[in-house]
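Raw my_file.cif, mmCIF, C-alpha atoms:
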data_input
loop_
_atom_site.label_atom_id
_atom_site.label_comp_id
_atom_site.auth_asym_id
_atom_site.auth_seq_id
_atom_site.Cartn_x
_atom_site.Cartn_y
_atom_site.Cartn_z
CA MET A 346 15.32 75.45 68.45
CA SER A 347 14.15 72.43 66.56
CA SER A 348 12.68 70.91 69.73
CA SER A 349 10.69 74.08 70.44
CA CYS A 350 9.35 74.09 66.87
CA THR A 351 8.33 70.51 67.24
CA GLY A 352 6.45 71.25 70.48
CA LEU A 353 4.72 74.24 68.92
CA SER A 354 3.61 72.17 65.95
CA ARG A 355 2.09 69.59 68.27
CA VAL A 356 0.14 72.31 70.13
CA LEU A 357 -1.17 73.72 66.84
CA VAL A 358 -2.31 70.31 65.73
CA ALA A 359 -4.14 69.75 69.00
CA VAL A 360 -5.85 73.17 68.81
CA ALA A 361 -6.87 72.57 65.21
CA THR A 362 -8.31 69.21 66.11
CA ALA A 363 -10.32 70.73 68.94
CA VAL A 364 -11.65 73.52 66.68
CA VAL A 365 -12.68 71.07 63.99
CA SER A 366 -14.40 68.88 66.55
CA ALA A 367 -16.27 71.83 68.02
CA ALA A 368 -17.36 73.14 64.62
CA SER A 369 -18.43 69.77 63.28
CA SER A 370 -22.02 68.62 63.22
CA CYS A 371 -23.30 65.51 65.01
CA PRO A 372 -20.81 62.64 65.22
CA GLN A 373 -21.03 59.91 62.65
CA ALA A 374 -23.49 57.28 63.71
CA TRP A 375 -21.89 53.86 64.29
CA GLY A 376 -25.02 51.94 63.40
CA PRO A 377 -28.23 52.92 61.63
CA PRO A 378 -28.78 56.62 60.83
CA GLY A 379 -30.35 58.66 63.59
CA VAL A 380 -29.17 56.37 66.41
CA GLN A 381 -26.75 57.54 69.08
CA TYR A 382 -25.12 55.21 71.61
CA GLY A 383 -23.97 55.83 75.17
CA GLN A 384 -22.83 54.07 78.32
CA SER A 385 -25.22 53.45 81.19
CA GLY A 386 -24.42 55.48 84.29
CA ARG A 387 -22.47 58.14 82.39
CA SER A 388 -23.46 61.60 81.20
CA MET A 389 -24.71 61.63 77.62
CA THR A 390 -24.77 64.45 75.09
CA LEU A 391 -27.23 64.34 72.17
CA CYS A 392 -26.95 66.63 69.18
CA CYS A 393 -29.62 67.71 66.72
CA PRO A 394 -28.70 66.24 63.35
CA GLY A 395 -30.66 68.67 61.14
CA VAL A 396 -29.20 72.03 62.23
CA THR A 397 -25.83 73.69 62.12
CA ALA A 398 -23.50 73.44 65.07
CA GLY A 399 -24.34 75.93 67.84
CA ALA A 400 -27.84 76.81 66.57
CA PRO A 401 -30.31 77.08 69.49
CA VAL A 402 -32.97 74.37 69.52
CA SER A 403 -35.54 72.99 71.94
CA TRP A 404 -35.71 69.32 72.95
CA SER A 405 -38.58 67.05 73.89
CA ARG A 406 -39.33 63.33 74.00
CA ASP A 407 -41.13 61.89 71.04
CA GLY A 408 -44.86 61.91 71.72
CA GLU A 409 -44.58 64.35 74.62
CA THR A 410 -45.21 68.11 74.69
CA ARG A 411 -43.13 68.83 77.76
CA LEU A 412 -39.84 70.53 76.95
CA LEU A 413 -36.72 68.95 78.27
CA GLN A 414 -34.50 71.86 77.33
CA GLY A 415 -35.40 75.27 75.85
CA PRO A 416 -33.51 77.20 73.19
CA ASP A 417 -32.19 79.61 75.81
CA SER A 418 -30.21 76.90 77.62
CA GLY A 419 -26.99 78.09 76.04
CA LEU A 420 -26.11 74.61 74.83
CA GLY A 421 -27.00 75.31 71.21
CA HIS A 422 -27.94 72.15 69.30
CA GLU A 423 -26.92 69.74 72.11
CA LEU A 424 -28.88 68.06 74.91
CA VAL A 425 -27.03 66.89 78.03
CA LEU A 426 -28.38 63.96 80.04
CA ALA A 427 -26.68 63.50 83.44
CA LEU A 428 -26.11 59.88 84.56
CA ALA A 429 -28.21 58.38 81.82
CA ASP A 430 -29.96 55.09 82.58
CA SER A 431 -32.46 52.80 80.91
CA THR A 432 -35.32 55.25 81.52
CA ASP A 433 -33.58 57.76 79.27
CA GLU A 434 -33.55 55.45 76.26
CA GLY A 435 -35.89 56.38 73.46
CA THR A 436 -36.40 58.92 70.69
CA TYR A 437 -35.77 62.64 71.15
CA VAL A 438 -37.06 65.49 68.92
CA CYS A 439 -35.25 68.80 68.36
CA ARG A 440 -36.93 71.90 66.89
CA THR A 441 -35.60 75.26 65.75
CA LEU A 442 -36.75 78.66 67.04
CA ASP A 443 -39.59 78.85 64.50
CA GLY A 444 -40.89 75.43 65.60
CA ALA A 445 -39.66 73.58 62.53
CA LEU A 446 -38.48 70.03 62.99
CA GLY A 447 -34.72 69.93 63.21
CA GLY A 448 -34.29 66.19 63.55
CA MET A 449 -34.86 63.06 65.63
CA VAL A 450 -32.31 61.08 67.66
CA THR A 451 -32.78 57.61 69.18
CA LEU A 452 -30.70 56.96 72.27
CA GLN A 453 -29.50 53.42 73.05
CA LEU A 454 -27.42 52.69 76.13
CA GLY A 455 -25.04 49.83 76.80
CA TYR A 456 -21.52 48.99 77.91
CA PRO A 457 -18.07 49.10 76.35
CA PRO A 458 -16.74 45.87 74.82
CA SER A 459 -14.99 43.33 77.01
CA ARG A 460 -12.30 40.80 76.14
CA PRO A 461 -14.02 37.91 74.39
CA VAL A 462 -13.65 34.29 75.48
CA VAL A 463 -11.83 32.40 72.70
CA SER A 464 -11.28 28.66 72.20
CA CYS A 465 -9.78 26.79 69.25
CA ARG A 466 -10.09 23.20 68.03
CA ALA A 467 -8.56 21.18 65.21
CA ALA A 468 -10.70 18.38 63.73
CA ASP A 469 -7.71 17.19 61.66
CA TYR A 470 -4.00 17.97 61.34
CA GLU A 471 -4.36 20.51 58.50
CA ASN A 472 -7.10 22.96 59.59
CA PHE A 473 -8.38 24.46 62.80
CA SER A 474 -11.19 26.76 63.83
CA CYS A 475 -11.69 29.23 66.65
CA THR A 476 -14.94 30.29 68.30
CA TRP A 477 -15.61 33.10 70.72
CA SER A 478 -18.29 34.63 72.89
CA PRO A 479 -18.50 37.94 74.77
CA SER A 480 -17.45 37.83 78.39
CA GLN A 481 -20.06 40.55 79.08
CA VAL A 482 -23.13 41.39 77.03
CA SER A 483 -22.78 45.01 75.93
CA GLY A 484 -26.34 45.52 74.69
CA LEU A 485 -24.98 47.39 71.68
CA PRO A 486 -24.28 46.43 68.07
CA THR A 487 -21.05 44.44 68.09
CA ARG A 488 -18.73 43.07 65.45
CA TYR A 489 -15.50 41.10 65.66
CA LEU A 490 -12.19 41.49 63.85
CA THR A 491 -10.22 38.23 63.59
CA SER A 492 -6.69 37.53 62.40
CA TYR A 493 -3.83 35.12 63.06
CA ARG A 494 -0.08 34.83 62.59
CA LYS A 495 2.37 31.97 62.73
CA LYS A 496 5.10 31.77 65.36
CA THR A 497 8.25 29.79 64.68
CA VAL A 498 10.26 28.44 67.58
CA PRO A 499 13.92 27.50 66.89
CA GLY A 500 14.75 23.94 67.86
CA ALA A 501 18.02 24.89 69.62
CA ASP A 502 16.53 27.56 71.85
CA GLY A 503 12.93 26.91 72.77
CA GLN A 504 12.73 29.91 75.09
CA ARG A 505 13.31 32.53 72.41
CA VAL A 506 10.59 33.11 69.84
CA SER A 507 11.61 34.36 66.43
CA PRO A 508 9.68 37.14 64.65
CA SER A 509 6.21 36.04 63.64
CA THR A 510 4.95 35.86 60.09
CA GLY A 511 1.66 37.47 59.14
CA PRO A 512 -0.79 38.55 60.32
CA TRP A 513 -3.44 37.19 57.99
CA PRO A 514 -7.21 37.55 58.30
CA CYS A 515 -9.05 34.64 59.81
CA PRO A 516 -12.18 34.42 57.62
CA GLN A 517 -15.49 34.17 59.45
CA ASP A 518 -17.69 31.48 57.93
CA PRO A 519 -20.39 32.63 57.34
CA PRO A 520 -19.62 36.36 57.58
CA GLY A 521 -20.68 37.75 60.93
CA ALA A 522 -20.56 34.37 62.67
CA THR A 523 -18.69 33.83 65.92
CA ARG A 524 -16.33 31.35 64.26
CA CYS A 525 -13.35 31.62 61.92
CA VAL A 526 -11.37 28.90 60.14
CA VAL A 527 -7.65 28.64 59.35
CA HIS A 528 -6.91 26.38 56.39
CA GLY A 529 -3.58 24.80 55.52
CA ALA A 530 -2.06 25.02 58.99
CA GLU A 531 1.22 23.30 59.85
CA PHE A 532 0.98 20.54 62.45
CA TRP A 533 4.26 21.38 64.24
CA SER A 534 3.81 25.20 64.24
CA GLN A 535 2.38 27.56 66.82
CA TYR A 536 -0.14 30.29 66.02
CA ARG A 537 -1.35 33.46 67.71
CA ILE A 538 -5.05 34.22 67.31
CA ASN A 539 -6.33 37.82 67.59
CA VAL A 540 -10.05 38.35 68.25
CA THR A 541 -11.10 41.98 68.77
CA GLU A 542 -14.60 42.91 69.92
CA VAL A 543 -15.75 46.30 68.61
CA ASN A 544 -18.88 48.32 69.44
CA PRO A 545 -19.74 52.06 69.38
CA LEU A 546 -18.03 52.59 72.73
CA GLY A 547 -14.62 51.12 71.89
CA ALA A 548 -12.71 47.90 71.24
CA SER A 549 -11.18 45.10 73.30
CA THR A 550 -8.72 42.41 72.13
CA ARG A 551 -8.02 38.83 73.16
CA LEU A 552 -4.77 37.10 72.09
CA LEU A 553 -4.52 33.31 72.24
CA ASP A 554 -1.48 31.14 71.42
CA VAL A 555 -2.31 27.66 70.14
CA SER A 556 -0.57 24.66 68.59
CA LEU A 557 -2.29 21.98 66.55
CA GLN A 558 -0.86 19.24 68.75
CA SER A 559 -2.63 20.57 71.84
CA ILE A 560 -6.00 21.51 70.25
CA LEU A 561 -6.37 18.39 68.09
CA ARG A 562 -9.74 16.73 68.72
CA PRO A 563 -11.15 14.55 65.95
CA ASP A 564 -14.81 14.34 65.10
CA PRO A 565 -16.65 11.25 66.41
CA PRO A 566 -16.41 8.07 64.31
CA GLN A 567 -19.20 7.50 61.81
CA GLY A 568 -21.31 4.60 60.61
CA LEU A 569 -21.41 2.69 63.90
CA ARG A 570 -23.20 -0.66 63.47
CA VAL A 571 -23.93 -3.34 66.08
CA GLU A 572 -24.78 -6.86 64.90
CA SER A 573 -25.40 -10.14 66.67
CA VAL A 574 -23.15 -13.18 66.15
CA PRO A 575 -25.35 -16.15 65.18
CA GLY A 576 -25.15 -19.00 67.66
CA TYR A 577 -23.37 -16.98 70.36
CA PRO A 578 -25.83 -15.57 72.92
CA ARG A 579 -23.18 -13.40 74.62
CA ARG A 580 -21.48 -11.82 71.63
CA LEU A 581 -22.00 -8.64 69.63
CA ARG A 582 -19.97 -7.37 66.69
CA ALA A 583 -19.50 -3.58 66.41
CA SER A 584 -17.98 -1.84 63.38
CA TRP A 585 -17.46 1.82 62.42
CA MET A 586 -15.60 4.14 60.04
CA TYR A 587 -13.17 7.04 60.27
CA PRO A 588 -14.83 10.49 60.54
CA ALA A 589 -15.22 12.14 57.14
CA SER A 590 -13.24 15.18 58.30
CA TRP A 591 -10.11 13.13 59.04
CA PRO A 592 -7.88 12.51 56.01
CA ARG A 593 -6.57 8.97 56.27
CA GLN A 594 -2.82 9.08 55.88
CA PRO A 595 -0.28 6.44 56.95
CA HIS A 596 1.44 8.89 59.29
CA PHE A 597 -1.67 10.22 61.07
CA LEU A 598 -3.90 7.40 62.24
CA LEU A 599 -6.60 7.22 64.87
CA LYS A 600 -7.11 4.90 67.78
CA PHE A 601 -10.49 4.13 69.28
CA ARG A 602 -12.22 3.24 72.50
CA LEU A 603 -15.61 1.54 72.70
CA GLN A 604 -18.19 1.58 75.48
CA TYR A 605 -21.19 -0.70 75.85
CA ARG A 606 -23.87 -1.44 78.41
CA PRO A 607 -27.07 -3.48 78.55
CA VAL A 608 -30.38 -1.69 78.65
CA GLN A 609 -31.36 -0.21 82.05
CA HIS A 610 -27.77 -0.55 83.29
CA PRO A 611 -26.18 2.84 84.05
CA ALA A 612 -22.54 1.66 84.13
CA TRP A 613 -20.51 1.44 80.92
CA SER A 614 -17.89 -1.20 80.11
CA MET A 615 -14.99 -0.05 77.92
CA VAL A 616 -12.44 -1.69 75.63
CA GLU A 617 -9.82 -0.25 73.26
CA PRO A 618 -10.13 -2.01 69.89
CA ALA A 619 -7.13 -2.52 67.62
CA GLY A 620 -8.96 -1.64 64.41
CA LEU A 621 -12.34 -0.61 63.05
CA GLU A 622 -14.33 -3.41 64.64
CA GLU A 623 -14.65 -5.22 67.94
CA VAL A 624 -16.40 -8.38 69.13
CA ILE A 625 -17.98 -8.02 72.55
CA THR A 626 -17.74 -11.38 74.33
CA ASP A 627 -19.44 -10.66 77.66
CA ALA A 628 -22.79 -9.26 76.59
CA VAL A 629 -25.88 -10.14 78.61
CA ALA A 630 -27.91 -12.72 76.74
CA GLY A 631 -31.33 -11.59 75.60
CA LEU A 632 -30.90 -7.89 76.48
CA PRO A 633 -30.44 -4.98 74.04
CA HIS A 634 -27.10 -3.21 74.39
CA ALA A 635 -26.12 0.40 73.72
CA VAL A 636 -22.73 0.89 72.06
CA ARG A 637 -20.77 4.07 71.36
CA VAL A 638 -17.25 4.79 70.16
CA SER A 639 -14.73 7.64 70.41
CA ALA A 640 -11.48 8.47 68.56
CA ARG A 641 -8.11 10.06 69.27
CA ASP A 642 -4.82 10.62 67.49
CA PHE A 643 -2.74 7.43 67.46
CA LEU A 644 0.20 9.18 69.20
CA ASP A 645 -2.03 10.71 71.93
CA ALA A 646 -1.87 14.26 70.55
CA GLY A 647 -4.76 16.42 71.70
CA THR A 648 -7.80 14.89 73.37
CA TRP A 649 -10.45 12.24 72.75
CA SER A 650 -13.33 13.09 70.46
CA ALA A 651 -16.90 13.30 71.62
CA TRP A 652 -18.81 10.02 71.75
CA SER A 653 -20.60 8.90 68.63
CA PRO A 654 -24.39 8.53 68.65
CA GLU A 655 -25.40 5.32 70.38
CA ALA A 656 -26.18 2.23 68.33
CA TRP A 657 -28.21 -0.69 69.69
CA GLY A 658 -27.96 -4.45 69.23
CA THR A 659 -29.21 -7.65 70.87
CA PRO A 660 -27.19 -10.90 71.06
CA SER A 661 -28.40 -13.85 68.99
CA THR A 662 -30.61 -16.52 70.52
CA GLY A 663 -30.54 -19.04 67.66
CA PRO A 664 -28.40 -22.16 67.16
CA LEU A 665 -24.98 -22.31 65.55
CA PRO A 666 -25.10 -21.83 61.77
CA LYS A 667 -24.19 -24.71 59.49
CA GLU A 668 -20.72 -24.57 58.00
CA ILE A 669 -20.70 -23.31 54.42
CA PRO A 670 -17.88 -24.43 52.07
CA ALA A 671 -15.77 -22.08 50.00
CA GLY A 672 -18.18 -22.29 47.07
CA GLY A 673 -20.77 -20.36 49.04
CA LYS A 674 -23.48 -23.07 49.03
CA PRO A 675 -24.13 -25.41 51.94
CA TYR A 676 -23.28 -29.04 51.36
CA THR A 677 -26.27 -31.35 51.01
CA GLN A 678 -26.03 -35.10 50.79
CA PRO A 679 -27.18 -36.37 47.38
CA LYS A 680 -30.52 -38.10 47.45
CA GLU A 681 -30.59 -41.78 46.46
CA ASN A 682 -33.37 -43.15 44.42
CA PRO A 683 -35.47 -45.32 46.67
CA GLN A 684 -35.64 -48.98 45.69
CA MET A 685 -38.76 -50.93 46.00
CA ASP A 686 -37.05 -53.93 47.62
CA SER A 687 -34.93 -52.02 50.12
CA PRO A 688 -36.36 -51.61 53.58
CA ALA A 689 -37.26 -48.14 54.78
CA PRO A 690 -34.41 -46.37 56.62
CA PRO A 691 -34.79 -46.06 60.37
CA ARG A 692 -36.24 -42.81 61.61
CA PRO A 693 -33.91 -40.60 63.69
CA SER A 694 -34.35 -40.78 67.41
CA LEU A 695 -35.66 -37.78 69.29
CA LEU A 696 -33.70 -38.66 72.44
CA PRO A 697 -30.55 -36.61 73.18
CA ASP A 698 -27.25 -38.17 72.16
CA PRO A 699 -25.21 -38.92 75.32
CA ARG A 700 -21.91 -38.79 73.40
CA PRO A 701 -19.97 -35.53 73.92
CA LEU A 702 -19.62 -33.18 70.98
CA ASP A 703 -16.15 -32.40 69.72
CA HIS A 704 -15.96 -29.11 67.79
CA ARG A 705 -12.20 -28.89 67.81
CA ASP A 706 -10.33 -28.18 64.63
CA PRO A 707 -8.36 -31.20 63.20
CA LEU A 708 -5.30 -28.97 62.82
CA GLU A 709 -5.54 -28.08 66.49
CA GLN A 710 -5.72 -31.78 67.40
CA MET A 711 -2.59 -32.51 65.33
CA ALA A 712 -0.73 -29.70 67.09
CA VAL A 713 -1.71 -31.09 70.49
CA LEU A 714 -0.53 -34.59 69.56
CA ALA A 715 2.79 -33.29 68.24
CA SER A 716 3.36 -31.34 71.46
CA LEU A 717 2.62 -34.41 73.56
CA GLY A 718 5.10 -36.47 71.49
CA ILE A 719 7.88 -33.92 71.92
CA PHE A 720 7.33 -33.71 75.68
CA SER A 721 7.33 -37.54 75.92
CA CYS A 722 10.70 -37.77 74.10
CA LEU A 723 12.21 -35.13 76.36
CA GLY A 724 10.93 -36.93 79.45
CA LEU A 725 12.41 -40.26 78.33
CA ALA A 726 15.79 -38.68 77.60
CA ALA A 727 15.88 -36.99 81.01
CA GLY A 728 14.97 -40.29 82.74
CA ALA A 729 17.71 -42.23 80.90
CA LEU A 730 20.31 -39.61 81.86
CA ALA A 731 19.29 -39.72 85.51
CA LEU A 732 19.42 -43.53 85.56
CA GLY A 733 22.94 -43.58 84.06
CA LEU A 734 24.26 -41.14 86.66
CA TRP A 735 22.72 -43.15 89.48
CA LEU A 736 24.30 -46.39 88.28
CA ARG A 737 27.67 -44.66 87.89
CA LEU A 738 27.66 -43.32 91.45
CA LYS A 739 26.16 -46.41 93.18
CA PRO A 740 28.68 -48.23 95.59
CA ASP A 741 29.51 -51.95 95.05
CA GLY A 742 28.46 -52.99 98.59
CA LYS A 743 31.71 -55.00 99.34
CA ASP A 744 34.31 -54.36 102.08
CA GLY A 745 37.18 -54.47 99.63
CA HIS A 746 38.88 -51.57 98.05
CA GLN A 747 36.34 -49.32 96.34
CA LYS A 748 36.82 -48.23 92.84
CA PRO A 749 37.28 -44.52 92.44
CA GLY A 750 34.27 -42.71 91.05
CA PHE A 751 34.11 -40.52 88.03
CA LEU A 752 35.67 -37.67 90.06
CA ALA A 753 38.89 -39.64 90.79
CA PRO A 754 40.87 -38.27 87.84
CA MET A 755 40.29 -34.79 89.22
CA ILE A 756 41.81 -35.57 92.69
CA PRO A 757 45.61 -35.82 93.07
CA VAL A 758 46.92 -39.31 93.86
CA ASP A 759 48.62 -38.27 97.09
CA LYS A 760 45.26 -36.96 98.37
CA LEU A 761 43.43 -40.27 98.05
CA PRO A 762 42.47 -41.88 101.38
CA GLY A 763 44.31 -45.19 100.69
CA GLU A 764 47.56 -43.50 99.79
CA THR A 765 47.48 -41.41 102.95
CA LYS A 766 47.33 -44.51 105.15
CA LYS A 767 50.31 -46.19 103.43
CA SER A 768 52.53 -43.13 103.88
CA VAL A 769 51.75 -42.96 107.58
CA CYS A 770 52.68 -46.63 108.12
#
Mind turning the file's structure into structure tokens?
Amino acid sequence: MSSSCTGLSRVLVAVATAVVSAASSCPQAWGPPGVQYGQSGRSMTLCCPGVTAGAPVSWSRDGETRLLQGPDSGLGHELVLALADSTDEGTYVCRTLDGALGGMVTLQLGYPPSRPVVSCRAADYENFSCTWSPSQVSGLPTRYLTSYRKKTVPGADGQRVSPSTGPWPCPQDPPGATRCVVHGAEFWSQYRINVTEVNPLGASTRLLDVSLQSILRPDPPQGLRVESVPGYPRRLRASWMYPASWPRQPHFLLKFRLQYRPVQHPAWSMVEPAGLEEVITDAVAGLPHAVRVSARDFLDAGTWSAWSPEAWGTPSTGPLPKEIPAGGKPYTQPKENPQMDSPAPPRPSLLPDPRPLDHRDPLEQMAVLASLGIFSCLGLAAGALALGLWLRLKPDGKDGHQKPGFLAPMIPVDKLPGETKKSVC
């Protein structure tokens, strides 16, 4: 009995809904007032907004006198367009029996929403953003609903996902943009992003599971500078800074890669610096060089950033700079007061000095000398040991009985060659 009552109540609800729908006036416009939307290639029904439901009206296109449908059509305040296409778009006018203006309706055709294309990226390990685009242009007013929730995966059983927390709205910044930002995310957590495309013909949803480790992609490094090294025609010094969006913490560092090439050379050379600067030692003398740098998480999470804007530099062509002491001022030899009786000092010669230049550090020379001394001592000790062994093992050269060598104590007496002969005799 209860089941039959339940079925009857459902039927009554359905009938009441149909009656209310039939007795209602024009459907609520999704966009601006007086605009009605439909799908291309489908039949479309327009209703006159200024009359009561069922009242007979006549229809015509705006600016035309030809009637599209008279009041005796039996359709009341509605106009039916079979297989509407782009030629049916425009403004329609409905009038009552006395010729009074009932209302105006603008028809706009398009397509239902499709599942949007969604991608997410984290510029640091605390926040990430998601962007989207329609997979098919609907031609109709469209808005997007965005939300996210956190998924927790137990460490013991990675195949089973525990109930998610949330959902929370993913705020679009600015409102109406095709981008939303999640702040305060957890680096080791997984998230499910929900982006729903909505237009007057329906809604379509895209779900995307992401983790910060996989979508991490830092911004390019900033402040790239390329400077020449005075006196070195094949060297360039490049320096840069962390991107401003990356919070420098001891547990989340960045590593870098640097590319450089001389002008008019298409191929790039690449090195991986250990810090925030690098000295290029194989630059082409006299040619400007383009340099760019990229960054990635130190533990290889995510992917490499985009390349920074190129910076240019040319190796130095001047001589080596003079050494400057710790005080910061170059040393100059004090001038002596010239004496009237002293002869004039000889002028320096302009001929090249044939003596070789020695730019080695004195500490380096001391280290080399110490190493040579150690190796000489080791060589002498090895030679003395070899000479002692040779003298020990050298035979006397006489026919008499030979003295046993240093291995004699290790051989039994009865095994010696002399003892064997005596026992046989």
List the residues selected by the PyMOL selection byres ((chain A and resi 435-442) around 6) in the file shown, writing them as an mmCIF file with C-alpha atoms, keeping the file's coordinate frame.
data_model
loop_
_atom_site.group_PDB
_atom_site.id
_atom_site.type_symbol
_atom_site.label_atom_id
_atom_site.label_comp_id
_atom_site.auth_asym_id
_atom_site.auth_seq_id
_atom_site.Cartn_x
_atom_site.Cartn_y
_atom_site.Cartn_z
ATOM 1 C CA CYS A 393 -29.620 67.710 66.720
ATOM 2 C CA VAL A 402 -32.970 74.370 69.520
ATOM 3 C CA SER A 403 -35.540 72.990 71.940
ATOM 4 C CA TRP A 404 -35.710 69.320 72.950
ATOM 5 C CA SER A 405 -38.580 67.050 73.890
ATOM 6 C CA ARG A 406 -39.330 63.330 74.000
ATOM 7 C CA ASP A 407 -41.130 61.890 71.040
ATOM 8 C CA GLU A 434 -33.550 55.450 76.260
ATOM 9 C CA ASP A 443 -39.590 78.850 64.500
ATOM 10 C CA GLY A 444 -40.890 75.430 65.600
ATOM 11 C CA ALA A 445 -39.660 73.580 62.530
ATOM 12 C CA LEU A 446 -38.480 70.030 62.990
ATOM 13 C CA GLY A 447 -34.720 69.930 63.210
ATOM 14 C CA GLY A 448 -34.290 66.190 63.550
ATOM 15 C CA MET A 449 -34.860 63.060 65.630
ATOM 16 C CA VAL A 450 -32.310 61.080 67.660
ATOM 17 C CA THR A 451 -32.780 57.610 69.180
ATOM 18 C CA LEU A 452 -30.700 56.960 72.270
#
Quick one: everything within 7 Å of Val526 (chain A), counting all atoms listed in the file, minus sequence neighbours fewer than 2 positions away in the same chain. Send it as a PyMOL selection string.
chain A and resi 473-475+515-517+524+528
**Message:** To test your reading of the syntax: which residues would the PyMOL selection byres ((chain A and resi 479-490) around 9) return for the file shown? Reply as a ChimeraX atom specification.
**Reply:** /A:375-376,382,453-463,477-478,491-492,514-515,521-523,539-546
**Asked** What separation in Å, quoted to one decimal, exists between CA of Lys495 (chain A) and CA of Leu552 (chain A)?
**Response**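 Between CA of Lys495 (chain A) and CA of Leu552 (chain A) the gap is 12.8 Å.
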Students should find that CA of Ser661 (chain A) and CA of Tyr587 (chain A) are spaced 27.3 Å
request  = Write out as number ranges by chain each polymer residue whose atoms come within 10 Å of Gln604 (chain A), counting all atoms listed in the file; drop sequence neighbours fewer than 4 positions from it.
outcome  = A: 612-617, 635-639, 652, 655
Go ahead and dump the residues you just picked, C-alpha atoms, as a PDB file, in the coordinates of the input.
ATOM      1  CA  ALA A 612     -22.540   1.660  84.130  1.00  0.00           C
ATOM      2  CA  TRP A 613     -20.510   1.440  80.920  1.00  0.00           C
ATOM      3  CA  SER A 614     -17.890  -1.200  80.110  1.00  0.00           C
ATOM      4  CA  MET A 615     -14.990  -0.050  77.920  1.00  0.00           C
ATOM      5  CA  VAL A 616     -12.440  -1.690  75.630  1.00  0.00           C
ATOM      6  CA  GLU A 617      -9.820  -0.250  73.260  1.00  0.00           C
ATOM      7  CA  ALA A 635     -26.120   0.400  73.720  1.00  0.00           C
ATOM      8  CA  VAL A 636     -22.730   0.890  72.060  1.00  0.00           C
ATOM      9  CA  ARG A 637     -20.770   4.070  71.360  1.00  0.00           C
ATOM     10  CA  VAL A 638     -17.250   4.790  70.160  1.00  0.00           C
ATOM     11  CA  SER A 639     -14.730   7.640  70.410  1.00  0.00           C
ATOM     12  CA  TRP A 652     -18.810  10.020  71.750  1.00  0.00           C
ATOM     13  CA  GLU A 655     -25.400   5.320  70.380  1.00  0.00           C
TER      14      GLU A 655
END
Expand the PyMOL selection byres ((chain A and resi 590) around 7) into the explicit residue set it covers here, and present it as number ranges by chain. A: 468-469, 588-589, 591-592
Writing out the chosen residues with C-alpha atoms as a PDB file, in the frame of the given file:
ATOM      1  CA  ALA A 468     -10.700  18.380  63.730  1.00  0.00           C
ATOM      2  CA  ASP A 469      -7.710  17.190  61.660  1.00  0.00           C
ATOM      3  CA  PRO A 588     -14.830  10.490  60.540  1.00  0.00           C
ATOM      4  CA  ALA A 589     -15.220  12.140  57.140  1.00  0.00           C
ATOM      5  CA  TRP A 591     -10.110  13.130  59.040  1.00  0.00           C
ATOM      6  CA  PRO A 592      -7.880  12.510  56.010  1.00  0.00           C
TER       7      PRO A 592
END
Which value, in Å to one decimal, gives the distance between CA of Leu732 (chain A) and CA of Ile719 (chain A)?
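Pair CA of Leu732 (chain A) / CA of Ile719 (chain A) returns 20.3 Å.
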Kindly list the centre and edge lengths in Å, rounded to one decimal, for the axis-aligned box that covers all listed atoms of region 619-635 of chain A plus 4 Å on each of its six sides, as AutoDock Vina command-line options.
--center_x -19.2 --center_y -6.2 --center_z 70.8 --size_x 32.2 --size_y 21.1 --size_z 23.6
(Q) Which residue is closest to Gly631 (chain A)? Choose from A:Ala427, A:Leu723, A:Leu561, A:Leu581 and count all atoms listed in the file. (A)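 Checking each of A:Ala427, A:Leu723, A:Leu561, A:Leu581 against Gly631 (chain A), counting all atoms listed in the file, the winner is A:Leu581.
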Residue with the minimum atom-to-atom distance to Trp533 (chain A), picked from A:Ala398, A:Met711, A:Leu420, A:Leu557 with all atoms listed in the file counted, is A:Leu557
Spatial neighbours of Gly399 (chain A), 8 Å, all atoms listed in the file, chain gap at least 5 places, as an MDAnalysis selection string:
chainID A and resid 420:423
Selection file, C-alpha atoms, as a CSV table (one decimal), in the frame of the given file:
chain,number,residue,atom,x,y,z
A,420,LEU,CA,-26.1,74.6,74.8
A,421,GLY,CA,-27.0,75.3,71.2
A,422,HIS,CA,-27.9,72.2,69.3
A,423,GLU,CA,-26.9,69.7,72.1
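Using all atoms listed in the file, the smallest distance between any of A:Ala548, A:Val555, A:Leu424, A:Leu413 and Tyr536 (chain A) comes from A:Val555.
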Among A:Leu717, A:Leu412, A:Leu621, A:Cys465, Lys600 (chain A) is approached most closely, using all atoms listed in the file, by A:Leu621
At a cut-off of 7 Å, using only C-alpha atoms, what residues contact Leu599 (chain A)? Leave out same-chain residues fewer than 5 positions from it and give the result as a PDB file with C-alpha atoms, in the frame of the given file.
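Saved file part.pdb follows:
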ATOM      1  CA  ALA A 640     -11.480   8.470  68.560  1.00  0.00           C
ATOM      2  CA  ARG A 641      -8.110  10.060  69.270  1.00  0.00           C
ATOM      3  CA  ASP A 642      -4.820  10.620  67.490  1.00  0.00           C
ATOM      4  CA  PHE A 643      -2.740   7.430  67.460  1.00  0.00           C
TER       5      PHE A 643
END
Could you pull out every residue with an atom within 10 Å of (0.2, 21.4, 67.1), file coordinates, counting only C-alpha atoms, and send them as a list in words? Ala467, Tyr470, Glu471, Ala530, Glu531, Phe532, Trp533, Ser534, Gln535, Tyr536, Val555, Ser556, Leu557, Gln558, Ser559, Ile560, Leu561, Ala646 and Gly647 of chain A
Extract, using all atoms listed in the file, all DNA, RNA and protein residues at most 6 Å from Val571 (chain A), discarding same-chain residues fewer than 4 positions from it, and format them as a PyMOL selection string. chain A and resi 582-583+658
